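Since the structure comes first, as structure tokens, the remarks are kept for the end.
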There are 2 protein chains.
Amino acid sequence: MEIAFLFYEGMTALDAIGPHEVLCRLPGTKIKRVAKQKGPVHSESAGLYLTAEYDFFDVKHADVLVIPGAGNATSLQNSPETLSWIQKIHATTRWTTSVCTGSLILGAAGLLKNVRATSHWATIDRLPHWGAKPVHARVVEDGKIMTAAGVSAGIDMALTLADRICGPQVAQTLQLGIEYDPHPPFDVGSPDKANPAIVAALRAHFSKVFERM
Amino acid sequence: MEIAFLFYEGMTALDAIGPHEVLCRLPGTKIKRVAKQKGPVHSESAGLYLTAEYDFFDVKHADVLVIPGAGNATSLQNSPETLSWIQKIHATTRWTTSVCTGSLILGAAGLLKNVRATSHWATIDRLPHWGAKPVHARVVEDGKIMTAAGVSAGIDMALTLADRICGPQVAQTLQLGIEYDPHPPFDVGSPDKANPAIVAALRAHFSKVFERM
């Protein structure tokens with residue numbers, strides 16, 4: 001089974017590496033990290049470079065496609081090569097997936113019309129712009145499209161996907177392997193649980209990030 | 001504040017990138033990714049390359065040091081340059097931290113004598129070899145040494161560290177920013193919760209990995 005990860009300038013590293021750590025341990029899997037140009041790709045996470053070994057020309061098929069998010073995810077709507085590659089790969093997948101604002105990229109590629117989907121809590125309201133039906137959930141499945149909420153939700157999504165592809169025994173083995181027994185120090189990981197002042201400040205911050213796009 | 005991440009051949013990508021995604025968002029932080037040789041570093045996670053911009057000669061101080069784990073973590077006990085660099089940096093830190101089997105590297109560097117510490121569930125029994133006192137917990141603090149359990153526990157550790165360094169408002173903002181409101185599909189992320197047959201199979205697998213070292 002071939003699993004393609006889209007890498008692009010400005011992506012959030014954990015959006016990709018969370019599901020990557022889970023899915024690369026699936027039995028019989030070949031992972032392909034794919035970017036417009038192969039080589040080191042500059043993430044938004046303190047400028048960390050992650051290497052893509054493949055470019056769009058190299059990869060014409062994938063069983064699973066994973067699109068990570070970014071503060072600048074919507075800028076990809078101005079990259080017709082990227083959107084066209086996503087559309088072509090999507091036509092070949094068993095599963096097309098996104099993490100965080102990666103769903104806005106799926107939307108820009110025209111893949112979310114009348115599809116139930118999620119995104120980072122601060123950007124989920126933008127999904128209807130692409131014809132999607134926003135769902136406030138950690139992981140949302142609609143047909144072969146699976147979308148995850150913000151950043152860390154990619155781990156939950158990948159384990160869900162592992163279950164769909166290989167069944168619960170493999171998924172549970174992967175979960176135990178990465179000791180995914182989360183104990184966050186606070187219970188404030190979603191806007192309905194967090195301090196309203198923190199939610200408001202963060203929402204204002206993200207709005208500015210998106211306005212700059 | 002300077003935060004140094006040790007990168008090395010064979011490391012587990014998520015061990016580093018989980019805390020990296022949290023800590024790179026701390027206000028006023030400079031992240032330095034450091035390896036024996038600067039350049040792309042080959043992880044054990046499907047061969048993903050992550051780039052280190054600094055080598056041991058470049059970095060002589062850090063406020064926070066983060067040591068990720070690896071299937072081959074114990075092989076670093078045969079890398080005196082690495083252990084010596086860890087010892088030198090540790091002498092300058094406010095916090096010295098590890099994720100997963102990274103604690104075995106701290107142990108090999110002689111930093112865990114009589115220190116309470118944790119590790120991946122399958123390797124925690126090896127901590128006494130280095131004089132450490134094993135504690136079965138997600139995150140363990142003893143003085144300025146903070147250790148995390150397996151792979152995904154680095155996210156919990158980094159949020160705990162964010163709280164210690166900058167207080168709960170910043171830590172909670174970071175947690176909400178990465179929407180860390182985990183919903184694992186199963187409740188099997190630690191050996192006391194998982195199917196005993198899965199625990200036994202995985203323990204046998206990890207024992208083989210360590211025997212090869």
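Residues are named by chain letter and number: chains run A, B, ... in the order of the structure tokens, numbers start at 1 in each chain, and ligands are numbered from 1 in the order shown.
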
Non-local contacts of Trp130 of chain B (12 Å; only C-alpha atoms; under 6 positions in same chain excluded) as a ChimeraX atom specification: /B:74,77,103-117,124

Include N, CA and C atoms and write out the residues we just selected as an mmCIF file, in the first residue's frame.
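The result, stored in out14.cif:
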```cif
data_model
loop_
_atom_site.group_PDB
_atom_site.id
_atom_site.type_symbol
_atom_site.label_atom_id
_atom_site.label_comp_id
_atom_site.auth_asym_id
_atom_site.auth_seq_id
_atom_site.Cartn_x
_atom_site.Cartn_y
_atom_site.Cartn_z
ATOM 1 N N THR B 74 20.033 3.052 22.487
ATOM 2 C CA THR B 74 21.157 2.600 23.313
ATOM 3 C C THR B 74 22.475 2.578 22.536
ATOM 4 N N GLN B 77 25.274 5.007 23.384
ATOM 5 C CA GLN B 77 26.265 4.806 24.467
ATOM 6 C C GLN B 77 27.653 4.555 23.883
ATOM 7 N N SER B 103 15.475 8.766 27.475
ATOM 8 C CA SER B 103 15.953 8.698 28.873
ATOM 9 C C SER B 103 17.109 7.708 29.020
ATOM 10 N N LEU B 104 17.167 6.695 28.138
ATOM 11 C CA LEU B 104 18.306 5.766 28.192
ATOM 12 C C LEU B 104 19.588 6.482 27.756
ATOM 13 N N ILE B 105 19.432 7.454 26.883
ATOM 14 C CA ILE B 105 20.595 8.245 26.443
ATOM 15 C C ILE B 105 21.054 9.154 27.587
ATOM 16 N N LEU B 106 20.094 9.792 28.261
ATOM 17 C CA LEU B 106 20.456 10.575 29.459
ATOM 18 C C LEU B 106 21.157 9.672 30.472
ATOM 19 N N GLY B 107 20.650 8.449 30.601
ATOM 20 C CA GLY B 107 21.276 7.504 31.524
ATOM 21 C C GLY B 107 22.706 7.189 31.123
ATOM 22 N N ALA B 108 22.894 6.895 29.840
ATOM 23 C CA ALA B 108 24.244 6.567 29.354
ATOM 24 C C ALA B 108 25.196 7.746 29.525
ATOM 25 N N ALA B 109 24.631 8.962 29.516
ATOM 26 C CA ALA B 109 25.465 10.156 29.730
ATOM 27 C C ALA B 109 25.731 10.395 31.219
ATOM 28 N N GLY B 110 25.193 9.512 32.062
ATOM 29 C CA GLY B 110 25.476 9.605 33.497
ATOM 30 C C GLY B 110 24.636 10.627 34.240
ATOM 31 N N LEU B 111 23.520 11.030 33.632
ATOM 32 C CA LEU B 111 22.737 12.121 34.225
ATOM 33 C C LEU B 111 21.567 11.638 35.074
ATOM 34 N N LEU B 112 21.375 10.323 35.164
ATOM 35 C CA LEU B 112 20.185 9.835 35.872
ATOM 36 C C LEU B 112 20.501 9.088 37.174
ATOM 37 N N LYS B 113 21.706 9.262 37.687
ATOM 38 C CA LYS B 113 22.034 8.547 38.930
ATOM 39 C C LYS B 113 21.155 9.041 40.077
ATOM 40 N N ASN B 114 20.388 8.124 40.657
ATOM 41 C CA ASN B 114 19.441 8.455 41.737
ATOM 42 C C ASN B 114 18.346 9.431 41.308
ATOM 43 N N VAL B 115 18.090 9.497 40.022
ATOM 44 C CA VAL B 115 17.056 10.405 39.505
ATOM 45 C C VAL B 115 15.806 9.582 39.172
ATOM 46 N N ARG B 116 14.644 10.096 39.581
ATOM 47 C CA ARG B 116 13.392 9.465 39.177
ATOM 48 C C ARG B 116 13.140 9.813 37.711
ATOM 49 N N ALA B 117 12.811 8.786 36.913
ATOM 50 C CA ALA B 117 12.670 9.027 35.472
ATOM 51 C C ALA B 117 11.745 7.982 34.862
ATOM 52 N N ILE B 124 11.367 0.778 30.147
ATOM 53 C CA ILE B 124 11.536 1.449 31.445
ATOM 54 C C ILE B 124 12.341 0.585 32.420
#
```

Once chain B is superposed on chain A with a least-squares fit on all C-alpha pairs taken in order, can you show it as a PDB file with C-alpha atoms, in the first residue's frame?
```pdb
ATOM      1  CA  MET B   1      -0.009   0.000  -0.017  1.00  0.00           C
ATOM      2  CA  GLU B   2       1.317   3.428  -0.936  1.00  0.00           C
ATOM      3  CA  ILE B   3       0.721   6.400   1.336  1.00  0.00           C
ATOM      4  CA  ALA B   4       1.570   9.840  -0.041  1.00  0.00           C
ATOM      5  CA  PHE B   5       2.141  12.856   2.194  1.00  0.00           C
ATOM      6  CA  LEU B   6       1.988  16.285   0.566  1.00  0.00           C
ATOM      7  CA  PHE B   7       4.812  18.465   1.869  1.00  0.00           C
ATOM      8  CA  TYR B   8       4.795  22.201   1.101  1.00  0.00           C
ATOM      9  CA  GLU B   9       6.466  25.426   2.167  1.00  0.00           C
ATOM     10  CA  GLY B  10       4.980  26.702   5.419  1.00  0.00           C
ATOM     11  CA  MET B  11       3.229  23.499   6.483  1.00  0.00           C
ATOM     12  CA  THR B  12       2.880  22.696  10.182  1.00  0.00           C
ATOM     13  CA  ALA B  13       5.352  19.905  10.983  1.00  0.00           C
ATOM     14  CA  LEU B  14       3.221  18.032  13.535  1.00  0.00           C
ATOM     15  CA  ASP B  15       0.211  17.975  11.168  1.00  0.00           C
ATOM     16  CA  ALA B  16       2.303  15.700   8.951  1.00  0.00           C
ATOM     17  CA  ILE B  17       4.487  13.886  11.482  1.00  0.00           C
ATOM     18  CA  GLY B  18       1.664  12.806  13.802  1.00  0.00           C
ATOM     19  CA  PRO B  19      -0.068  10.661  11.162  1.00  0.00           C
ATOM     20  CA  HIS B  20       3.279   9.837   9.532  1.00  0.00           C
ATOM     21  CA  GLU B  21       4.521   8.175  12.731  1.00  0.00           C
ATOM     22  CA  VAL B  22       1.385   6.018  12.892  1.00  0.00           C
ATOM     23  CA  LEU B  23       0.933   5.179   9.212  1.00  0.00           C
ATOM     24  CA  CYS B  24       4.598   4.366   8.509  1.00  0.00           C
ATOM     25  CA  ARG B  25       4.195   1.467  10.969  1.00  0.00           C
ATOM     26  CA  LEU B  26       1.272  -0.097   9.090  1.00  0.00           C
ATOM     27  CA  PRO B  27       2.299  -3.501   7.704  1.00  0.00           C
ATOM     28  CA  GLY B  28       3.261  -3.523   4.028  1.00  0.00           C
ATOM     29  CA  THR B  29       3.281   0.223   3.602  1.00  0.00           C
ATOM     30  CA  LYS B  30       5.424   2.386   1.361  1.00  0.00           C
ATOM     31  CA  ILE B  31       5.508   6.032   2.413  1.00  0.00           C
ATOM     32  CA  LYS B  32       6.130   8.703  -0.228  1.00  0.00           C
ATOM     33  CA  ARG B  33       6.761  12.287   0.819  1.00  0.00           C
ATOM     34  CA  VAL B  34       5.863  14.458  -2.135  1.00  0.00           C
ATOM     35  CA  ALA B  35       6.377  18.154  -2.852  1.00  0.00           C
ATOM     36  CA  LYS B  36       6.198  20.444  -5.869  1.00  0.00           C
ATOM     37  CA  GLN B  37       9.970  20.273  -5.876  1.00  0.00           C
ATOM     38  CA  LYS B  38      11.782  17.418  -4.166  1.00  0.00           C
ATOM     39  CA  GLY B  39      14.314  18.236  -1.456  1.00  0.00           C
ATOM     40  CA  PRO B  40      14.119  19.884   1.971  1.00  0.00           C
ATOM     41  CA  VAL B  41      10.789  21.640   2.571  1.00  0.00           C
ATOM     42  CA  HIS B  42      10.638  24.576   4.960  1.00  0.00           C
ATOM     43  CA  SER B  43       7.882  24.153   7.570  1.00  0.00           C
ATOM     44  CA  GLU B  44       6.350  26.926   9.650  1.00  0.00           C
ATOM     45  CA  SER B  45       7.497  25.113  12.813  1.00  0.00           C
ATOM     46  CA  ALA B  46      10.537  27.217  13.721  1.00  0.00           C
ATOM     47  CA  GLY B  47      11.721  26.758  10.151  1.00  0.00           C
ATOM     48  CA  LEU B  48      12.305  23.006  10.475  1.00  0.00           C
ATOM     49  CA  TYR B  49      13.154  21.394   7.134  1.00  0.00           C
ATOM     50  CA  LEU B  50      11.604  18.012   6.287  1.00  0.00           C
ATOM     51  CA  THR B  51      12.714  16.303   3.107  1.00  0.00           C
ATOM     52  CA  ALA B  52      10.397  15.244   0.281  1.00  0.00           C
ATOM     53  CA  GLU B  53      11.976  12.536  -1.862  1.00  0.00           C
ATOM     54  CA  TYR B  54       9.376  12.778  -4.619  1.00  0.00           C
ATOM     55  CA  ASP B  55       7.859  15.517  -6.764  1.00  0.00           C
ATOM     56  CA  PHE B  56       4.449  15.710  -8.449  1.00  0.00           C
ATOM     57  CA  PHE B  57       5.805  14.178 -11.637  1.00  0.00           C
ATOM     58  CA  ASP B  58       7.123  11.111  -9.752  1.00  0.00           C
ATOM     59  CA  VAL B  59       3.886  10.189  -7.990  1.00  0.00           C
ATOM     60  CA  LYS B  60       0.724   9.481  -9.978  1.00  0.00           C
ATOM     61  CA  HIS B  61      -1.106   7.175  -7.592  1.00  0.00           C
ATOM     62  CA  ALA B  62      -1.609   6.618  -3.872  1.00  0.00           C
ATOM     63  CA  ASP B  63      -3.821   4.388  -1.784  1.00  0.00           C
ATOM     64  CA  VAL B  64      -3.864   7.030   0.936  1.00  0.00           C
ATOM     65  CA  LEU B  65      -3.204  10.749   0.532  1.00  0.00           C
ATOM     66  CA  VAL B  66      -2.479  12.914   3.588  1.00  0.00           C
ATOM     67  CA  ILE B  67      -2.646  16.722   3.349  1.00  0.00           C
ATOM     68  CA  PRO B  68      -1.234  18.524   6.396  1.00  0.00           C
ATOM     69  CA  GLY B  69      -2.312  22.033   7.313  1.00  0.00           C
ATOM     70  CA  ALA B  70      -0.491  25.330   7.713  1.00  0.00           C
ATOM     71  CA  GLY B  71      -1.046  28.907   8.765  1.00  0.00           C
ATOM     72  CA  ASN B  72      -0.768  29.711   5.056  1.00  0.00           C
ATOM     73  CA  ALA B  73      -2.796  26.732   3.806  1.00  0.00           C
ATOM     74  CA  THR B  74      -5.156  28.915   1.826  1.00  0.00           C
ATOM     75  CA  SER B  75      -2.248  30.254  -0.236  1.00  0.00           C
ATOM     76  CA  LEU B  76      -2.203  26.872  -2.005  1.00  0.00           C
ATOM     77  CA  GLN B  77      -5.412  27.935  -3.766  1.00  0.00           C
ATOM     78  CA  ASN B  78      -2.992  29.967  -5.887  1.00  0.00           C
ATOM     79  CA  SER B  79      -0.916  26.910  -6.765  1.00  0.00           C
ATOM     80  CA  PRO B  80      -2.747  25.219  -9.643  1.00  0.00           C
ATOM     81  CA  GLU B  81      -0.036  22.524  -9.960  1.00  0.00           C
ATOM     82  CA  THR B  82      -0.614  21.499  -6.352  1.00  0.00           C
ATOM     83  CA  LEU B  83      -4.402  21.445  -6.628  1.00  0.00           C
ATOM     84  CA  SER B  84      -4.242  19.558  -9.903  1.00  0.00           C
ATOM     85  CA  TRP B  85      -1.871  16.952  -8.391  1.00  0.00           C
ATOM     86  CA  ILE B  86      -4.222  16.524  -5.406  1.00  0.00           C
ATOM     87  CA  GLN B  87      -7.184  16.009  -7.765  1.00  0.00           C
ATOM     88  CA  LYS B  88      -5.274  13.431  -9.834  1.00  0.00           C
ATOM     89  CA  ILE B  89      -4.101  11.489  -6.779  1.00  0.00           C
ATOM     90  CA  HIS B  90      -7.545  11.672  -5.182  1.00  0.00           C
ATOM     91  CA  ALA B  91      -8.968   9.919  -8.243  1.00  0.00           C
ATOM     92  CA  THR B  92      -6.729   6.920  -7.404  1.00  0.00           C
ATOM     93  CA  THR B  93      -7.034   6.769  -3.591  1.00  0.00           C
ATOM     94  CA  ARG B  94      -8.908   4.537  -1.216  1.00  0.00           C
ATOM     95  CA  TRP B  95      -8.657   7.352   1.343  1.00  0.00           C
ATOM     96  CA  THR B  96      -8.021  11.050   0.923  1.00  0.00           C
ATOM     97  CA  THR B  97      -7.270  12.718   4.243  1.00  0.00           C
ATOM     98  CA  SER B  98      -6.353  16.036   5.776  1.00  0.00           C
ATOM     99  CA  VAL B  99      -5.199  17.415   9.108  1.00  0.00           C
ATOM    100  CA  CYS B 100      -6.062  20.870  10.462  1.00  0.00           C
ATOM    101  CA  THR B 101      -6.310  23.489   7.690  1.00  0.00           C
ATOM    102  CA  GLY B 102      -5.384  20.789   5.188  1.00  0.00           C
ATOM    103  CA  SER B 103      -9.155  20.489   4.687  1.00  0.00           C
ATOM    104  CA  LEU B 104      -9.158  24.016   3.217  1.00  0.00           C
ATOM    105  CA  ILE B 105      -6.694  22.738   0.619  1.00  0.00           C
ATOM    106  CA  LEU B 106      -8.984  19.794  -0.174  1.00  0.00           C
ATOM    107  CA  GLY B 107     -11.747  22.374  -0.463  1.00  0.00           C
ATOM    108  CA  ALA B 108      -9.752  24.565  -2.834  1.00  0.00           C
ATOM    109  CA  ALA B 109      -9.095  21.450  -4.927  1.00  0.00           C
ATOM    110  CA  GLY B 110     -12.867  21.050  -5.253  1.00  0.00           C
ATOM    111  CA  LEU B 111     -13.041  17.797  -3.315  1.00  0.00           C
ATOM    112  CA  LEU B 112     -15.368  18.850  -0.500  1.00  0.00           C
ATOM    113  CA  LYS B 113     -18.558  19.798  -2.332  1.00  0.00           C
ATOM    114  CA  ASN B 114     -21.420  18.511  -0.150  1.00  0.00           C
ATOM    115  CA  VAL B 115     -18.877  16.602   1.939  1.00  0.00           C
ATOM    116  CA  ARG B 116     -19.002  16.584   5.734  1.00  0.00           C
ATOM    117  CA  ALA B 117     -15.591  17.702   6.978  1.00  0.00           C
ATOM    118  CA  THR B 118     -13.713  19.309   9.841  1.00  0.00           C
ATOM    119  CA  SER B 119     -10.738  21.616  10.286  1.00  0.00           C
ATOM    120  CA  HIS B 120      -8.880  23.536  12.983  1.00  0.00           C
ATOM    121  CA  TRP B 121     -11.486  25.108  15.321  1.00  0.00           C
ATOM    122  CA  ALA B 122     -10.421  28.616  14.264  1.00  0.00           C
ATOM    123  CA  THR B 123     -10.910  27.920  10.537  1.00  0.00           C
ATOM    124  CA  ILE B 124     -13.791  25.450  10.394  1.00  0.00           C
ATOM    125  CA  ASP B 125     -16.197  28.304   9.503  1.00  0.00           C
ATOM    126  CA  ARG B 126     -14.355  28.701   6.201  1.00  0.00           C
ATOM    127  CA  LEU B 127     -15.289  25.221   4.980  1.00  0.00           C
ATOM    128  CA  PRO B 128     -18.712  26.247   3.540  1.00  0.00           C
ATOM    129  CA  HIS B 129     -16.861  28.584   1.170  1.00  0.00           C
ATOM    130  CA  TRP B 130     -15.789  25.373  -0.608  1.00  0.00           C
ATOM    131  CA  GLY B 131     -19.217  23.747  -0.381  1.00  0.00           C
ATOM    132  CA  ALA B 132     -18.312  21.523   2.554  1.00  0.00           C
ATOM    133  CA  LYS B 133     -20.587  20.830   5.502  1.00  0.00           C
ATOM    134  CA  PRO B 134     -18.601  21.648   8.650  1.00  0.00           C
ATOM    135  CA  VAL B 135     -18.731  19.114  11.481  1.00  0.00           C
ATOM    136  CA  HIS B 136     -17.277  19.924  14.880  1.00  0.00           C
ATOM    137  CA  ALA B 137     -15.590  16.610  15.611  1.00  0.00           C
ATOM    138  CA  ARG B 138     -12.081  15.280  16.132  1.00  0.00           C
ATOM    139  CA  VAL B 139     -12.199  13.066  13.027  1.00  0.00           C
ATOM    140  CA  VAL B 140     -14.861  13.151  10.310  1.00  0.00           C
ATOM    141  CA  GLU B 141     -15.400  10.469   7.662  1.00  0.00           C
ATOM    142  CA  ASP B 142     -17.558  11.000   4.583  1.00  0.00           C
ATOM    143  CA  GLY B 143     -17.132   8.393   1.902  1.00  0.00           C
ATOM    144  CA  LYS B 144     -13.411   8.086   1.291  1.00  0.00           C
ATOM    145  CA  ILE B 145     -12.600  11.533   2.672  1.00  0.00           C
ATOM    146  CA  MET B 146     -11.368  11.664   6.256  1.00  0.00           C
ATOM    147  CA  THR B 147     -10.580  15.028   7.834  1.00  0.00           C
ATOM    148  CA  ALA B 148      -9.109  15.797  11.251  1.00  0.00           C
ATOM    149  CA  ALA B 149      -9.376  18.807  13.548  1.00  0.00           C
ATOM    150  CA  GLY B 150      -6.327  20.936  14.457  1.00  0.00           C
ATOM    151  CA  VAL B 151      -2.675  19.790  14.442  1.00  0.00           C
ATOM    152  CA  SER B 152      -2.599  17.047  17.109  1.00  0.00           C
ATOM    153  CA  ALA B 153      -5.849  15.507  15.776  1.00  0.00           C
ATOM    154  CA  GLY B 154      -3.847  13.896  12.979  1.00  0.00           C
ATOM    155  CA  ILE B 155      -2.744  11.199  15.438  1.00  0.00           C
ATOM    156  CA  ASP B 156      -6.351  10.293  16.253  1.00  0.00           C
ATOM    157  CA  MET B 157      -7.182  10.325  12.550  1.00  0.00           C
ATOM    158  CA  ALA B 158      -4.287   8.066  11.611  1.00  0.00           C
ATOM    159  CA  LEU B 159      -5.231   5.499  14.254  1.00  0.00           C
ATOM    160  CA  THR B 160      -8.825   5.589  12.999  1.00  0.00           C
ATOM    161  CA  LEU B 161      -7.537   5.075   9.472  1.00  0.00           C
ATOM    162  CA  ALA B 162      -5.299   2.207  10.625  1.00  0.00           C
ATOM    163  CA  ASP B 163      -8.409   0.569  12.056  1.00  0.00           C
ATOM    164  CA  ARG B 164     -10.360   1.029   8.801  1.00  0.00           C
ATOM    165  CA  ILE B 165      -7.495  -0.329   6.684  1.00  0.00           C
ATOM    166  CA  CYS B 166      -6.063  -3.123   8.848  1.00  0.00           C
ATOM    167  CA  GLY B 167      -8.589  -3.674  11.644  1.00  0.00           C
ATOM    168  CA  PRO B 168      -8.536  -3.047  15.391  1.00  0.00           C
ATOM    169  CA  GLN B 169      -5.684  -5.415  16.295  1.00  0.00           C
ATOM    170  CA  VAL B 170      -3.185  -3.556  14.103  1.00  0.00           C
ATOM    171  CA  ALA B 171      -4.537  -0.135  15.111  1.00  0.00           C
ATOM    172  CA  GLN B 172      -4.322  -1.008  18.797  1.00  0.00           C
ATOM    173  CA  THR B 173      -0.799  -2.354  18.350  1.00  0.00           C
ATOM    174  CA  LEU B 174       0.240   0.933  16.742  1.00  0.00           C
ATOM    175  CA  GLN B 175      -1.434   2.935  19.509  1.00  0.00           C
ATOM    176  CA  LEU B 176       0.370   0.954  22.206  1.00  0.00           C
ATOM    177  CA  GLY B 177       3.612   1.148  20.229  1.00  0.00           C
ATOM    178  CA  ILE B 178       3.584   4.949  20.319  1.00  0.00           C
ATOM    179  CA  GLU B 179       2.216   4.780  23.896  1.00  0.00           C
ATOM    180  CA  TYR B 180      -0.683   7.009  22.941  1.00  0.00           C
ATOM    181  CA  ASP B 181      -2.339   7.262  26.331  1.00  0.00           C
ATOM    182  CA  PRO B 182      -2.634  11.036  26.406  1.00  0.00           C
ATOM    183  CA  HIS B 183      -2.580  12.963  29.671  1.00  0.00           C
ATOM    184  CA  PRO B 184      -2.662  16.638  28.749  1.00  0.00           C
ATOM    185  CA  PRO B 185      -1.717  18.809  31.736  1.00  0.00           C
ATOM    186  CA  PHE B 186      -4.925  20.836  31.246  1.00  0.00           C
ATOM    187  CA  ASP B 187      -8.360  20.054  29.835  1.00  0.00           C
ATOM    188  CA  VAL B 188      -8.438  23.075  27.530  1.00  0.00           C
ATOM    189  CA  GLY B 189      -7.715  21.602  24.104  1.00  0.00           C
ATOM    190  CA  SER B 190     -10.912  22.760  22.413  1.00  0.00           C
ATOM    191  CA  PRO B 191     -12.611  26.179  22.430  1.00  0.00           C
ATOM    192  CA  ASP B 192     -15.636  24.970  24.432  1.00  0.00           C
ATOM    193  CA  LYS B 193     -13.312  23.927  27.278  1.00  0.00           C
ATOM    194  CA  ALA B 194     -10.718  26.724  27.246  1.00  0.00           C
ATOM    195  CA  ASN B 195     -10.748  30.080  29.021  1.00  0.00           C
ATOM    196  CA  PRO B 196     -12.865  32.412  26.800  1.00  0.00           C
ATOM    197  CA  ALA B 197     -10.194  35.132  26.947  1.00  0.00           C
ATOM    198  CA  ILE B 198      -7.603  32.677  25.591  1.00  0.00           C
ATOM    199  CA  VAL B 199     -10.008  31.526  22.865  1.00  0.00           C
ATOM    200  CA  ALA B 200     -10.687  35.132  21.833  1.00  0.00           C
ATOM    201  CA  ALA B 201      -6.992  36.072  21.755  1.00  0.00           C
ATOM    202  CA  LEU B 202      -6.070  33.016  19.718  1.00  0.00           C
ATOM    203  CA  ARG B 203      -8.995  33.522  17.341  1.00  0.00           C
ATOM    204  CA  ALA B 204      -7.826  37.104  16.734  1.00  0.00           C
ATOM    205  CA  HIS B 205      -4.281  35.843  16.140  1.00  0.00           C
ATOM    206  CA  PHE B 206      -5.403  33.222  13.604  1.00  0.00           C
ATOM    207  CA  SER B 207      -7.659  35.738  11.825  1.00  0.00           C
ATOM    208  CA  LYS B 208      -4.629  37.967  11.277  1.00  0.00           C
ATOM    209  CA  VAL B 209      -2.617  35.029   9.944  1.00  0.00           C
ATOM    210  CA  PHE B 210      -5.379  34.273   7.439  1.00  0.00           C
ATOM    211  CA  GLU B 211      -5.875  37.922   6.475  1.00  0.00           C
ATOM    212  CA  ARG B 212      -2.225  38.094   5.469  1.00  0.00           C
ATOM    213  CA  MET B 213      -2.851  35.319   2.910  1.00  0.00           C
TER     214      MET B 213
END
```

Backbone DSSP call of strand (DSSP E or B) for segment 2-186 of chain A, listed as a PDB file with C-alpha atoms, in the first residue's frame:
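Result file part-v3.pdb:
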```pdb
ATOM      1  CA  GLU A   2       1.328   3.419  -0.950  1.00  0.00           C
ATOM      2  CA  ILE A   3       0.723   6.395   1.332  1.00  0.00           C
ATOM      3  CA  ALA A   4       1.570   9.836  -0.037  1.00  0.00           C
ATOM      4  CA  PHE A   5       2.152  12.848   2.201  1.00  0.00           C
ATOM      5  CA  LEU A   6       1.992  16.286   0.571  1.00  0.00           C
ATOM      6  CA  MET A  11       3.238  23.491   6.482  1.00  0.00           C
ATOM      7  CA  LYS A  30       5.436   2.369   1.355  1.00  0.00           C
ATOM      8  CA  ILE A  31       5.502   6.034   2.419  1.00  0.00           C
ATOM      9  CA  LYS A  32       6.130   8.707  -0.217  1.00  0.00           C
ATOM     10  CA  ARG A  33       6.770  12.293   0.828  1.00  0.00           C
ATOM     11  CA  VAL A  34       5.859  14.450  -2.132  1.00  0.00           C
ATOM     12  CA  ALA A  35       6.370  18.152  -2.847  1.00  0.00           C
ATOM     13  CA  GLY A  39      14.323  18.234  -1.452  1.00  0.00           C
ATOM     14  CA  PRO A  40      14.136  19.884   1.963  1.00  0.00           C
ATOM     15  CA  VAL A  41      10.796  21.636   2.568  1.00  0.00           C
ATOM     16  CA  HIS A  42      10.641  24.579   4.968  1.00  0.00           C
ATOM     17  CA  TYR A  49      13.159  21.388   7.141  1.00  0.00           C
ATOM     18  CA  LEU A  50      11.617  18.006   6.297  1.00  0.00           C
ATOM     19  CA  THR A  51      12.721  16.300   3.123  1.00  0.00           C
ATOM     20  CA  ALA A  52      10.410  15.240   0.288  1.00  0.00           C
ATOM     21  CA  TYR A  54       9.375  12.767  -4.622  1.00  0.00           C
ATOM     22  CA  ASP A  55       7.861  15.509  -6.759  1.00  0.00           C
ATOM     23  CA  VAL A  64      -3.860   7.025   0.937  1.00  0.00           C
ATOM     24  CA  LEU A  65      -3.213  10.748   0.525  1.00  0.00           C
ATOM     25  CA  VAL A  66      -2.478  12.917   3.580  1.00  0.00           C
ATOM     26  CA  ILE A  67      -2.645  16.714   3.350  1.00  0.00           C
ATOM     27  CA  ALA A  70      -0.492  25.343   7.713  1.00  0.00           C
ATOM     28  CA  TRP A  95      -8.653   7.331   1.341  1.00  0.00           C
ATOM     29  CA  THR A  96      -8.025  11.041   0.917  1.00  0.00           C
ATOM     30  CA  THR A  97      -7.274  12.711   4.235  1.00  0.00           C
ATOM     31  CA  SER A  98      -6.352  16.037   5.772  1.00  0.00           C
ATOM     32  CA  VAL A  99      -5.203  17.411   9.115  1.00  0.00           C
ATOM     33  CA  ARG A 116     -19.007  16.573   5.741  1.00  0.00           C
ATOM     34  CA  ALA A 117     -15.598  17.702   6.988  1.00  0.00           C
ATOM     35  CA  LYS A 133     -20.591  20.826   5.506  1.00  0.00           C
ATOM     36  CA  PRO A 134     -18.614  21.638   8.660  1.00  0.00           C
ATOM     37  CA  VAL A 139     -12.193  13.061  13.035  1.00  0.00           C
ATOM     38  CA  VAL A 140     -14.871  13.150  10.308  1.00  0.00           C
ATOM     39  CA  GLU A 141     -15.410  10.462   7.660  1.00  0.00           C
ATOM     40  CA  ASP A 142     -17.562  11.004   4.575  1.00  0.00           C
ATOM     41  CA  ILE A 145     -12.605  11.512   2.664  1.00  0.00           C
ATOM     42  CA  MET A 146     -11.375  11.649   6.259  1.00  0.00           C
ATOM     43  CA  THR A 147     -10.578  15.012   7.839  1.00  0.00           C
ATOM     44  CA  ALA A 148      -9.113  15.803  11.258  1.00  0.00           C
TER      45      ALA A 148
END
```

Alpha helix (DSSP H) positions in segment 12-169 of chain A, given as a ChimeraX atom specification: /A:13-23,80-90,102-108,153-166,168-169
